[in-house]
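Participant: Just passing along the structure, written as structure tokens.
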Amino acid sequence: MTQDQALIARLYQSMLLIRELEQHIVDVYHTDAVKSPVHLSIGQESVAVGVCDPLNSDDIVSNTYRCHATYLAKGGDINGMMAELYGKKHGCAGGKAGSMHLVDIKHGILGASAVVGTTIPIAAGYAFALQQEAKKTGKQRIVASLFGDGATEEGVFTETINFAMLKKLPIIFICENNQLAIHSPLRSRWASEHICERVASFGIRTHQVKNADIFELHQLISKEAENIRNGISGPVFIECETYRWLEHVGPGDDHHEEYRDPNELALWKNKDQIARLANMLAPHEKEKINQKVAALIKNAVAFAEQSPYPDEEELFTHVYAN
Amino acid sequence: MTQDQALIARLYQSMLLIRELEQHIVDVYHTDAVKSPVHLSIGQESVAVGVCDPLNSDDIVSNTYRCHATYLAKGGDINGMMAELYGKKHGCAGGKAGSMHLVDIKHGILGASAVVGTTIPIAAGYAFALQQEAKKTGKQRIVASLFGDGATEEGVFTETINFAMLKKLPIIFICENNQLAIHSPLRSRWASEHICERVASFGIRTHQVKNADIFELHQLISKEAENIRNGISGPVFIECETYRWLEHVGPGDDHHEEYRDPNELALWKNKDQIARLANMLAPHEKEKINQKVAALIKNAVAFAEQSPYPDEEELFTHVYAN
Amino acid sequence: MFMPTEEKPVFTPCDNKQRLIRYVDALREATSQEMANDERVFLFGLDVDDHKGIQGSTLGLLEQFGPERVFGTPLSEDAMTGFAVGAAMAGLRPIHVHIRMDFMLLAINQLINMAAKSHYMYNGQVNVPLVIRTMIGRSWGQGAQHSQALHALFMHIPGLKIFAPSNAHDAKGCLITAIRDNNPVIFIEHRLLYSTEGYVSPEVYTVPFGKARTFVPGHDITIVAISHMVMEALRASKHLEKIGLSADIIDPISLRPLDMETIVNSVKKTGRLLIVDNGWLTCGASSEIMARMIELLPEGLNGKAIPMARMGFADTPCPTTKNLENLFYPSSHTIAEKAYTLISGKTNTDWLPAATSKTEIDAFKGPF
Amino acid sequence: MFMPTEEKPVFTPCDNKQRLIRYVDALREATSQEMANDERVFLFGLDVDDHKGIQGSTLGLLEQFGPERVFGTPLSEDAMTGFAVGAAMAGLRPIHVHIRMDFMLLAINQLINMAAKSHYMYNGQVNVPLVIRTMIGRSWGQGAQHSQALHALFMHIPGLKIFAPSNAHDAKGCLITAIRDNNPVIFIEHRLLYSTEGYVSPEVYTVPFGKARTFVPGHDITIVAISHMVMEALRASKHLEKIGLSADIIDPISLRPLDMETIVNSVKKTGRLLIVDNGWLTCGASSEIMARMIELLPEGLNGKAIPMARMGFADTPCPTTKNLENLFYPSSHTIAEKAYTLISGKTNTDWLPAATSKTEIDAFKGPF
Ligand SMILES: Cc1ncc(C[n+]2csc(CCOP(=O)(O)OP(=O)(O)O)c2C)c(N)n1
Ligand SMILES: Cc1ncc(C[n+]2csc(CCOP(=O)(O)OP(=O)(O)O)c2C)c(N)n1
Ligand SMILES: [Mg+2]
Ligand SMILES: [Mg+2]
């Protein structure tokens with residue numbers, strides 16, 4: 001599989017932006033600039049980027065509270081994101097949403113929920129609307145619904161999988177399997193470890209991506225998105241193995257805790273897809289991207305810092321739509 | 001497979017009692033003696049009897065609103081049942097429960113719910129208690145949880161299946177697959193028709209019983225109950241094909257409606273397990289049982305008719321336990 | 001179809017176009033008209049497309065609009081509600097139907113955590129124009145799990161709107177309003193109202209949120225009644241008439257937003273308030289109306305506390321047997337009695353008619 | 001661990017055995033003691049057995065009682081609640097923990113349709129001795145879906161009981177009562193109370209249902225405050241003290257059943273009532289208390305309407321950013337202000353202290 005350099009550069013930049021932005025959160029968290037629980041994706045960047053890069057800008061991505069990565073990978077406004085984390089007026093939701101609910105409808109980012117599993121059926125409903133739309137426009141947009149391994153335990157997941165297949169919805173379900181729900185390992189939550197098998201029992205096409213492989217995932221999404229657009233009907237289910245480097249919520253590393261195996265961290269750092277791509281780039285190319293990413297983040301921080309807090313009246317706006 | 005005559009007689013009597021009692025409901029329904037929605041099991045009797053007959057009297061059965069059959073098959077008090085249907089004070093729940101919630105804890109009948117799927121996790125919780133109990137008593141009691149094909153679409157079903165397998169609970173799940181949820185056929189509700197395959201993907205032992213075969217089901221339950229009691233762990237899942245002769249709720253036949261195929265009724269009447277057993281019995285044996293059943297029902301009706309309506313204060317009793 | 005013989009529809013026709021049609025037909029007509037007007041509207045839910053068509057309220061719509069806009073679902077209330085929320089966010093206008101309100105407890109997470117909050121949480125970036133049609137059961141042994149009226153749970157939640165129309169005219173107008181609204185609307189229908197008739201215009205019209213309706217203007221007491229209790233209150237007012245007492249019967253129609261102005265103005269006139277909820281009392285609509293009365297008229301009237309009382313379901317689950325079920329609900333008799341006591345301070349009931357004519361309550365029979 | 005420096009625990013020790021311990025430790029001690037006393041009790045729920053142990057409230061219990069009596073679960077709130085109901089029906093006494101009250105919306109079908117109704121529907125044949133421990137979040141950007149206080153939804157339902165203790169002493173006693181009760185009990189804990197200290201006996205003791213507690217007896221106004229709002233009301237009473245006003249601060253502790261007698265007696269003495277709920281107002285605990293006041297004192301006091309008011313969450317979802325979140329909740333300042341207005345009829349606020357010392361609200365920091 002020869003990968004073209006432009007793609008490598010793009011994927012690298014996209015993943016790096018996620019990592020560096022989250023690293024900024026880690027760095028400033030002790031200052032209380034970000035007064036919000038943060039669920040970081042450091043180590044898991046390749047899933048968001050592998051899924052979002054092949055999508056069109058008018059495709060839709062839907063996520064859970066661990067949503068920084070997809071927001072950025074799908075092209076969400078970085079300034080709006082940073083200001084939102086800082087609780088500011090020019091945040092992507094005016095400071096009302098915070099880290100767990102990043103949203104940017106203009107860029108097809110449908111928002112995210114702090115209640116596990118709840119966005120999965122919503123993504124399916126959105127896909128239904130796109131299916132109806134395509135009958136008029138002839139153009140099939142797609143929804144990518146991302147969620148964790150824990151989310152698949154909620155009844156609503158199975159209910160949605162069944163219904164999505166019944167209606168042949170244009171949706172790709174992506175399970176970010178980091179093998180943990182907070183601190184619980186899979187074996188204490190899943191009677192069987194084969195999630196693909198379970199989902200396939202509904203007649204759905206499934207794929208498993210091991211080692212968080214960015215190219216494999218990228219190609220799979222490209223192909224399946226193409227399939228869906230060409231009327232080879234959805235839904236599709238993809239399980240991506242990945243690993244969370246930091247604690248479940250917050251900026252720290254918690255590999256000293258008993259639930260963790262420190263060897264696993266080393267193992268996964270070895271598979272780090274950012275490092276992998278960095279090695280595939282010419283040094284000056286890499287450096288250019290690194291600087292670009294740093295500048296983007298610096299700008300975003302300045303933007304966020306300068307943005308005022310929302311006006312007090314904002315408490316009462318947007319409770320109801322007109 | 002040679003079946004011993006005593007078993008045949010017992011199964012015949014048990015199934016006949018269900019059919020005749022429900023036939024009585026059909027007969028009197030127009031008089032408004034039974035002021036309650038009734039979900040009849042006529043045609044489906046072999047499932048309840050095939051499941052309950054092999055169980056011990058201190059095993060537990062749990063059901064949905066279509067619960068007359070299991071109540072009787074598990075040995076529930078017939079007088080209490082009839083009085084409950086008549087809304088009387090001496091009903092099994094003092095007239096407060098009606099047809100959809102028949103209960104007889106003394107005989108291991110855990111009650112039933114009008115909200116589809118809701119009794120499935122409750123049955124699992126009961127099984128957990130029995131699992132703990134067995135560690136002290138050395139005696140493993142079992143829960144049989146019956147529900148319809150429609151119930152398997154509720155998220156709580158999958159959630160329970162997963163958890164029951166995780167905890168290796170002493171429970172047998174029985175799906176009464178009559179292929180209908182009210183008037184909706186399976187194809188408009190299930191993305192895949194293979195429920196056993198779906199459940200097996202959790203690592204659970206599954207079996208399918210075709211044609212509502214009473215002997216096959218009876219033997220399967222006997223064997224699996226034995227397995228569970230001997231520590232060959234549960235849970236187990238059994239799908240029983242069966243057919244509802246009458247309308248979803250109420251005493252009528254609705255094979256004139258479009259959702260029905262009248263040929264199917266004829267097909268299933270041909271497979272009627274009551275007729276099958278009747279043919280296997282000596283005429284005088286059969287006649288004796290028929291008379292016994294008729295007497296039981298007659299007595300129960302007299303009992304129900306004579307029972308008064310509950311006292312007005314009963315409205316306020318048992319809201320809270322002491 | 002049942003119409004109590006001695007009772008008249010609550011509206012008289014204002015023009016000769018209006019027809020006497022049933023509540024259930026008004027619901028169907030509203031749906032049909034809005035689906036024809038706006039192709040973004042679709043109707044789905046368990047059994048909407050079968051031959052019974054949600055007691056008739058969706059009959060014919062499948063034939064009219066096809067299976068892509070009218071479809072049944074698996075038994076999956078949680079996912080189906082999320083599905084509706086997602087479709088609504090994408091610009092469609094779903095109507096999701098529950099044949100029993102009790103099942104909404106399986107959908108409530110999506111309604112409260114997602115539907116009610118999305119517009120706010122995303123600072124106006126999405127709308128959730130969603131209608132949840134949901135039926136309250138009663139009678140014929142429906143019992144504890146098939147006859148709950150849970151509007152109070154939804155009234156508690158900012159971001160939701162709630163309609164509970166009591167008659168055919170409002171059923172149609174409110175449903176059209178609900179479909180056109182850009183917020184999640186819980187639309188509460190009472191099974192016993194389905195067969196009651198009212199004068200309904202064949203035109204498309206709307207009944208607004210936040211505007212209560214006064215029936216039978218009166219002088220001696222204000223009776224606020226909700227959903228099916230409007231019928232019982234109207235009957236109670238007839239009992240009261242016989243002894244020369246008259247009641248303002250107010251139907252809030254919309255429970256969130258709630259029109260307190262109409263109630264306050266009426267109480268200023270009558271000096272007394274009886275609230276008859278079609279639901280439990282604790283933390284219910286009746287508590288809320290009382291609390292707002294205190295907030296709006298903190299000093300009472302003429303320097304005195306305003307005589308107020310409330311009635312609703314007994315504080316128990318609903319029993320199935322008829323004689324206990326009858327005690328579970330307020331009736332025209334118990335309402336008239338309570339109103340009489342509030343007005344006169346007396347508790348005698350000898351003036352009450354011994355028996356009432358057959359109503360939709362007695363007429364309702366099974367199977368369901 | 002945080003203790004506001006200028007604030008004292010609400011109880012003083014009545015014997016020298018009592019220790020100053022945190023609310024979270026009181027919860028753990030109650031659980032440990034009851035599990036040791038009664039082997040039918042077990043504790044389960046997401047994360048009860050991890051190294052954080054539900055913010056410490058379950059730490060050590062796994063080691064003490066083993067994985068059969070202390071275990072985590074998959075993310076399956078609906079089934080896990082049904083599982084608890086079934087285990088309870090079979091004679092066990094489950095404690096099911098939700099680290100956020102918001103998740104209970106996924107469990108509410110089992111709680112309302114099954115747990116609350118089984119004893120009644122089956123005419124006393126089964127009991128459901130079940131405790132649902134559930135935490136209200138607040139602060140640090142928890143936002144719309146992680147800080148709801150939904151007690152009103154449960155208060156509406158006959159068959160449920162509800163505790164919402166505001167201090168370490170009651171946390172322990174109420175939890176023991178809840179575990180011993182034969183009904184489903186919703187046990188509501190506030191995250192911001194976890195680190196507050198109180199004098200708690202090491203003995204096993206119970207705090208009963210249906211008995212409110214009065215703090216700081218006063219004369220000028222009755223303030224009924226719920227859960228964390230008790231702390232804010234206590235602070236407000238200190239503000240009021242500075243201008244010579246005193247308040248009866250009443251903590252209902254148990255929300256269903258609700259002890260109105262204590263409230264009514266207090267109001268008879270003070271003549272005024274302010275209710276400060278830790279939740280939304282509409283169809284909330286505050287509405288209910290007002291409605292019952294009217295039912296219990298229909299003519300008011302001395303022929304006049306009783307001045308009553310209520311406060312609670314803003315009628316919006318909860319925003320995450322701090323400056324808006326601060327406005328969302330009642331505070332000691334806004335409570336004191338409202339009380340002052342109710343007492344004096346005036347609205348000036350110049351008497352209020354400019355800033356308060358750091359409280360548990362400001363001290364609370366993330367990650368969560
Ligand atoms: C319905 C619900 N239950 C429980 C929680 C508490 N909770 C927050 S995150 C989480 C773990 C989810 O794990 P997973 O889906 O694998 O996502 P990950 O955090 O690993 O990305 C849990 C249990 C929640 N937020 N929502
Ligand atoms: C949660 C819930 N959703 C919907 C209903 C309405 N309803 C009553 S029976 C039924 C069909 C259930 O089908 P199945 O489980 O196959 O049982 P069967 O009636 O065929 O025995 C439905 C949808 C309900 N009672 N509960
Ligand atoms: Mg995970
Ligand atoms: Mg079926």
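Ordering of the structure tokens sets the chain letters (A, B, ...), residue numbers begin anew at 1 in every chain, and ligands are numbered from 1 in the order given.
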List all protein, DNA and RNA residues that have an atom no more than 10 Å from any atom of ligand 3, counting only C-alpha atoms and all ligand atoms, and report them as a tab-separated table (two decimals) with all heavy atoms, in the first residue's frame.

Facilitator:
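And here's part_7.tsv as it stands now:
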chain	number	residue	atom	x	y	z
A	66	ARG	N	-16.27	12.44	24.64
A	66	ARG	CA	-14.85	12.45	24.29
A	66	ARG	C	-14.76	12.93	22.84
A	66	ARG	O	-14.47	12.18	21.93
A	66	ARG	CB	-14.24	11.05	24.46
A	66	ARG	CG	-12.71	11.03	24.51
A	66	ARG	CD	-12.16	9.61	24.71
A	66	ARG	NE	-12.61	8.95	25.92
A	66	ARG	CZ	-12.18	9.23	27.15
A	66	ARG	NH1	-11.26	10.15	27.33
A	66	ARG	NH2	-12.68	8.60	28.19
A	147	PHE	N	-18.57	6.21	18.99
A	147	PHE	CA	-18.90	5.96	20.39
A	147	PHE	C	-17.88	4.97	20.94
A	147	PHE	O	-17.15	4.33	20.18
A	147	PHE	CB	-20.32	5.40	20.52
A	147	PHE	CG	-20.62	4.34	19.50
A	147	PHE	CD1	-20.23	3.02	19.71
A	147	PHE	CD2	-21.26	4.66	18.31
A	147	PHE	CE1	-20.48	2.05	18.75
A	147	PHE	CE2	-21.51	3.68	17.33
A	147	PHE	CZ	-21.12	2.38	17.56
A	148	GLY	N	-17.85	4.84	22.25
A	148	GLY	CA	-16.89	3.94	22.88
A	148	GLY	C	-17.39	2.52	22.99
A	148	GLY	O	-18.53	2.21	22.66
A	149	ASP	N	-16.52	1.65	23.44
A	149	ASP	CA	-16.91	0.25	23.67
A	149	ASP	C	-18.00	0.16	24.72
A	149	ASP	O	-18.91	-0.66	24.63
A	149	ASP	CB	-15.70	-0.59	24.09
A	149	ASP	CG	-14.84	0.09	25.14
A	149	ASP	OD1	-14.30	1.17	24.86
A	149	ASP	OD2	-14.72	-0.46	26.26
A	150	GLY	N	-17.93	1.03	25.73
A	150	GLY	CA	-18.94	1.01	26.78
A	150	GLY	C	-20.34	1.31	26.25
A	150	GLY	O	-21.33	0.73	26.71
A	151	ALA	N	-20.41	2.19	25.28
A	151	ALA	CA	-21.71	2.59	24.74
A	151	ALA	C	-22.46	1.42	24.13
A	151	ALA	O	-23.70	1.41	24.10
A	151	ALA	CB	-21.52	3.69	23.71
A	152	THR	N	-21.72	0.41	23.66
A	152	THR	CA	-22.40	-0.72	23.01
A	152	THR	C	-23.17	-1.58	24.01
A	152	THR	O	-23.93	-2.46	23.61
A	152	THR	CB	-21.40	-1.62	22.26
A	152	THR	OG1	-20.54	-2.24	23.23
A	152	THR	CG2	-20.56	-0.84	21.28
A	175	CYS	N	-17.04	2.07	16.55
A	175	CYS	CA	-16.81	1.84	17.98
A	175	CYS	C	-15.33	2.04	18.27
A	175	CYS	O	-14.48	1.31	17.77
A	175	CYS	CB	-17.23	0.41	18.35
A	175	CYS	SG	-16.85	-0.01	20.06
A	176	GLU	N	-15.03	3.07	19.06
A	176	GLU	CA	-13.65	3.32	19.49
A	176	GLU	C	-13.38	2.42	20.67
A	176	GLU	O	-13.68	2.77	21.81
A	176	GLU	CB	-13.51	4.78	19.97
A	176	GLU	CG	-13.39	5.79	18.87
A	176	GLU	CD	-12.98	7.17	19.42
A	176	GLU	OE1	-11.80	7.38	19.72
A	176	GLU	OE2	-13.86	8.03	19.53
A	177	ASN	N	-12.84	1.26	20.38
A	177	ASN	CA	-12.67	0.28	21.45
A	177	ASN	C	-11.33	0.48	22.15
A	177	ASN	O	-10.30	-0.06	21.73
A	177	ASN	CB	-12.80	-1.13	20.90
A	177	ASN	CG	-12.80	-2.15	22.02
A	177	ASN	OD1	-12.59	-1.81	23.19
A	177	ASN	ND2	-13.06	-3.40	21.68
A	178	ASN	N	-11.36	1.24	23.24
A	178	ASN	CA	-10.14	1.41	24.05
A	178	ASN	C	-10.16	0.45	25.24
A	178	ASN	O	-9.36	0.58	26.16
A	178	ASN	CB	-9.98	2.86	24.51
A	178	ASN	CG	-11.14	3.32	25.36
A	178	ASN	OD1	-11.97	2.51	25.78
A	178	ASN	ND2	-11.21	4.61	25.63
A	179	GLN	N	-11.13	-0.48	25.18
A	179	GLN	CA	-11.19	-1.57	26.17
A	179	GLN	C	-11.51	-1.13	27.59
A	179	GLN	O	-11.44	-1.96	28.52
A	179	GLN	CB	-9.90	-2.39	26.15
A	179	GLN	CG	-9.77	-3.24	24.90
A	179	GLN	CD	-8.49	-2.92	24.16
A	179	GLN	OE1	-7.45	-3.45	24.48
A	179	GLN	NE2	-8.57	-2.04	23.17
A	180	LEU	N	-11.83	0.13	27.71
A	180	LEU	CA	-12.15	0.63	29.05
A	180	LEU	C	-13.43	1.45	29.03
A	180	LEU	O	-13.67	2.22	28.09
A	180	LEU	CB	-11.01	1.52	29.56
A	180	LEU	CG	-9.71	0.84	29.94
A	180	LEU	CD1	-8.63	1.88	30.23
A	180	LEU	CD2	-9.91	-0.08	31.16
A	181	ALA	N	-14.20	1.29	30.07
A	181	ALA	CA	-15.28	2.24	30.36
A	181	ALA	C	-14.91	2.80	31.73
A	181	ALA	O	-14.98	2.09	32.74
A	181	ALA	CB	-16.63	1.55	30.40
A	182	ILE	N	-14.51	4.05	31.74
A	182	ILE	CA	-13.89	4.63	32.93
A	182	ILE	C	-12.74	3.70	33.33
A	182	ILE	O	-11.73	3.67	32.63
A	182	ILE	CB	-14.90	4.92	34.06
A	182	ILE	CG1	-16.06	5.80	33.47
A	182	ILE	CG2	-14.21	5.68	35.20
A	182	ILE	CD1	-16.99	6.41	34.48
A	183	HIS	N	-12.91	2.90	34.39
A	183	HIS	CA	-11.81	2.01	34.77
A	183	HIS	C	-12.14	0.53	34.62
A	183	HIS	O	-11.38	-0.32	35.03
A	183	HIS	CB	-11.40	2.29	36.23
A	183	HIS	CG	-11.25	3.74	36.53
A	183	HIS	ND1	-12.06	4.43	37.41
A	183	HIS	CD2	-10.40	4.68	36.03
A	183	HIS	CE1	-11.70	5.70	37.45
A	183	HIS	NE2	-10.72	5.89	36.63
A	184	SER	N	-13.31	0.25	34.05
A	184	SER	CA	-13.72	-1.16	33.94
A	184	SER	C	-13.23	-1.77	32.65
A	184	SER	O	-13.51	-1.25	31.56
A	184	SER	CB	-15.25	-1.28	33.96
A	184	SER	OG	-15.76	-0.74	35.13
A	185	PRO	N	-12.58	-2.89	32.74
A	185	PRO	CA	-12.10	-3.57	31.54
A	185	PRO	C	-13.25	-4.30	30.83
A	185	PRO	O	-14.29	-4.57	31.43
A	185	PRO	CB	-11.10	-4.57	32.10
A	185	PRO	CG	-11.59	-4.88	33.47
A	185	PRO	CD	-12.23	-3.61	33.97
A	186	LEU	N	-13.03	-4.63	29.59
A	186	LEU	CA	-14.04	-5.32	28.80
A	186	LEU	C	-14.56	-6.58	29.47
A	186	LEU	O	-15.76	-6.87	29.45
A	186	LEU	CB	-13.47	-5.71	27.44
A	186	LEU	CG	-13.43	-4.66	26.34
A	186	LEU	CD1	-13.12	-5.35	25.02
A	186	LEU	CD2	-14.76	-3.94	26.25
A	241	GLU	N	-9.69	-0.77	17.35
A	241	GLU	CA	-8.86	-0.93	18.54
A	241	GLU	C	-8.05	0.34	18.77
A	241	GLU	O	-7.40	0.83	17.83
A	241	GLU	CB	-7.88	-2.06	18.31
A	241	GLU	CG	-8.13	-3.31	19.08
A	241	GLU	CD	-6.95	-4.27	18.90
A	241	GLU	OE1	-5.81	-3.81	18.68
A	241	GLU	OE2	-7.19	-5.48	18.97
A	242	THR	N	-8.02	0.83	19.96
A	242	THR	CA	-7.20	1.99	20.24
A	242	THR	C	-6.89	2.00	21.73
A	242	THR	O	-7.22	1.05	22.44
A	242	THR	CB	-7.91	3.29	19.76
A	242	THR	OG1	-7.04	4.40	19.96
A	242	THR	CG2	-9.21	3.52	20.49
A	243	TYR	N	-6.23	3.05	22.19
A	243	TYR	CA	-5.81	3.05	23.59
A	243	TYR	C	-5.78	4.47	24.13
A	243	TYR	O	-5.27	5.39	23.48
A	243	TYR	CB	-4.42	2.41	23.73
A	243	TYR	CG	-4.02	2.17	25.17
A	243	TYR	CD1	-4.63	1.16	25.91
A	243	TYR	CD2	-3.04	2.94	25.79
A	243	TYR	CE1	-4.28	0.93	27.23
A	243	TYR	CE2	-2.68	2.72	27.11
A	243	TYR	CZ	-3.31	1.72	27.83
A	243	TYR	OH	-2.96	1.49	29.14
A	244	ARG	N	-6.33	4.64	25.33
A	244	ARG	CA	-6.36	5.94	25.97
A	244	ARG	C	-5.11	6.10	26.83
A	244	ARG	O	-4.91	5.35	27.78
A	244	ARG	CB	-7.64	6.02	26.82
A	244	ARG	CG	-7.69	7.08	27.86
A	244	ARG	CD	-9.10	7.38	28.34
A	244	ARG	NE	-9.75	6.30	29.11
A	244	ARG	CZ	-9.39	5.91	30.33
A	244	ARG	NH1	-8.37	6.45	30.94
A	244	ARG	NH2	-10.08	4.94	30.94
A	248	HIS	N	-9.31	8.70	32.47
A	248	HIS	CA	-10.61	8.78	31.82
A	248	HIS	C	-11.06	10.22	31.66
A	248	HIS	O	-11.49	10.65	30.58
A	248	HIS	CB	-11.65	8.00	32.63
A	248	HIS	CG	-13.06	8.28	32.21
A	248	HIS	ND1	-13.58	7.84	31.01
A	248	HIS	CD2	-14.06	8.98	32.81
A	248	HIS	CE1	-14.83	8.25	30.89
A	248	HIS	NE2	-15.15	8.94	31.97

Participant: Residues within 12 Å of range 277-283 of chain B, please, as number ranges by chain. Count only C-alpha atoms; anything in the same chain fewer than 4 positions from it doesn't count.

Facilitator: B: 2-16, 46, 213-215, 271-273, 287-290

Participant: Looking only at the backbone, which of the residues in range 36-129 of chain B does DSSP tag as strand (DSSP E or B), as a PyMOL selection string?

Facilitator: chain B and resi 60-64+104+109-113

Participant: Pick out the chain B residues within 6 Å of chain D. Count only C-alpha atoms. Give them as a VMD selection string.

Facilitator: chain B and resid 93 96 to 97 121 to 126 129 156 159 to 160 318 to 321

Participant: Write out, as a PDB file, in the first residue's frame, the residues just selected, with N, CA and C atoms.

Facilitator:
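Once everything was written out, this is result-v4.pdb:
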ATOM      1  N   ALA B  93     -54.746 -11.251  43.210  1.00  0.00           N
ATOM      2  CA  ALA B  93     -54.199  -9.981  43.675  1.00  0.00           C
ATOM      3  C   ALA B  93     -55.336  -9.069  44.153  1.00  0.00           C
ATOM      4  N   LYS B  96     -56.781  -6.160  42.091  1.00  0.00           N
ATOM      5  CA  LYS B  96     -56.010  -4.969  41.704  1.00  0.00           C
ATOM      6  C   LYS B  96     -55.161  -5.170  40.454  1.00  0.00           C
ATOM      7  N   ALA B  97     -54.960  -6.435  40.069  1.00  0.00           N
ATOM      8  CA  ALA B  97     -53.993  -6.714  39.013  1.00  0.00           C
ATOM      9  C   ALA B  97     -54.656  -6.990  37.674  1.00  0.00           C
ATOM     10  N   PRO B 121     -35.304  -8.376  32.899  1.00  0.00           N
ATOM     11  CA  PRO B 121     -34.219  -8.142  33.869  1.00  0.00           C
ATOM     12  C   PRO B 121     -34.625  -8.508  35.290  1.00  0.00           C
ATOM     13  N   ILE B 122     -35.897  -8.398  35.581  1.00  0.00           N
ATOM     14  CA  ILE B 122     -36.363  -8.756  36.919  1.00  0.00           C
ATOM     15  C   ILE B 122     -36.173 -10.256  37.152  1.00  0.00           C
ATOM     16  N   ALA B 123     -36.485 -11.022  36.127  1.00  0.00           N
ATOM     17  CA  ALA B 123     -36.249 -12.470  36.219  1.00  0.00           C
ATOM     18  C   ALA B 123     -34.761 -12.743  36.457  1.00  0.00           C
ATOM     19  N   ALA B 124     -33.907 -11.976  35.788  1.00  0.00           N
ATOM     20  CA  ALA B 124     -32.460 -12.171  35.966  1.00  0.00           C
ATOM     21  C   ALA B 124     -32.038 -11.821  37.391  1.00  0.00           C
ATOM     22  N   GLY B 125     -32.605 -10.757  37.930  1.00  0.00           N
ATOM     23  CA  GLY B 125     -32.293 -10.380  39.311  1.00  0.00           C
ATOM     24  C   GLY B 125     -32.731 -11.455  40.289  1.00  0.00           C
ATOM     25  N   TYR B 126     -33.883 -12.047  40.006  1.00  0.00           N
ATOM     26  CA  TYR B 126     -34.360 -13.138  40.858  1.00  0.00           C
ATOM     27  C   TYR B 126     -33.395 -14.324  40.761  1.00  0.00           C
ATOM     28  N   ALA B 129     -30.438 -13.911  42.919  1.00  0.00           N
ATOM     29  CA  ALA B 129     -30.717 -14.246  44.325  1.00  0.00           C
ATOM     30  C   ALA B 129     -30.692 -15.761  44.528  1.00  0.00           C
ATOM     31  N   VAL B 156     -33.530  -3.512  26.695  1.00  0.00           N
ATOM     32  CA  VAL B 156     -33.343  -4.184  27.978  1.00  0.00           C
ATOM     33  C   VAL B 156     -33.139  -5.689  27.791  1.00  0.00           C
ATOM     34  N   GLU B 159     -29.400  -6.056  26.997  1.00  0.00           N
ATOM     35  CA  GLU B 159     -28.669  -5.719  28.221  1.00  0.00           C
ATOM     36  C   GLU B 159     -28.721  -6.882  29.209  1.00  0.00           C
ATOM     37  N   THR B 160     -29.904  -7.478  29.331  1.00  0.00           N
ATOM     38  CA  THR B 160     -30.070  -8.566  30.292  1.00  0.00           C
ATOM     39  C   THR B 160     -29.335  -9.822  29.851  1.00  0.00           C
ATOM     40  N   HIS B 318     -51.577  -1.441  50.625  1.00  0.00           N
ATOM     41  CA  HIS B 318     -50.437  -1.996  49.888  1.00  0.00           C
ATOM     42  C   HIS B 318     -49.778  -1.014  48.922  1.00  0.00           C
ATOM     43  N   VAL B 319     -49.958   0.271  49.149  1.00  0.00           N
ATOM     44  CA  VAL B 319     -49.162   1.229  48.362  1.00  0.00           C
ATOM     45  C   VAL B 319     -47.706   1.117  48.820  1.00  0.00           C
ATOM     46  N   TYR B 320     -47.547   1.022  50.126  1.00  0.00           N
ATOM     47  CA  TYR B 320     -46.207   0.816  50.694  1.00  0.00           C
ATOM     48  C   TYR B 320     -46.192  -0.447  51.544  1.00  0.00           C
ATOM     49  N   ALA B 321     -45.088  -1.131  51.544  1.00  0.00           N
ATOM     50  CA  ALA B 321     -44.885  -2.276  52.420  1.00  0.00           C
ATOM     51  C   ALA B 321     -44.441  -1.769  53.791  1.00  0.00           C
TER      52      ALA B 321
END

Participant: Which residues of chain B are close to chain A, meaning at most 9 Å apart when you count only C-alpha atoms, and how do they look as a PyMOL selection string?

Facilitator: chain B and resi 153-159+161-167+187-195+197-204

Participant: Using only C-alpha atoms, find which residues of chain C lie within 6 Å of chain D and jot them down as a PyMOL selection string.

Facilitator: chain C and resi 105-106+109+153+156+158+282-284+287-288+290-291+299-300+304-305+315-316
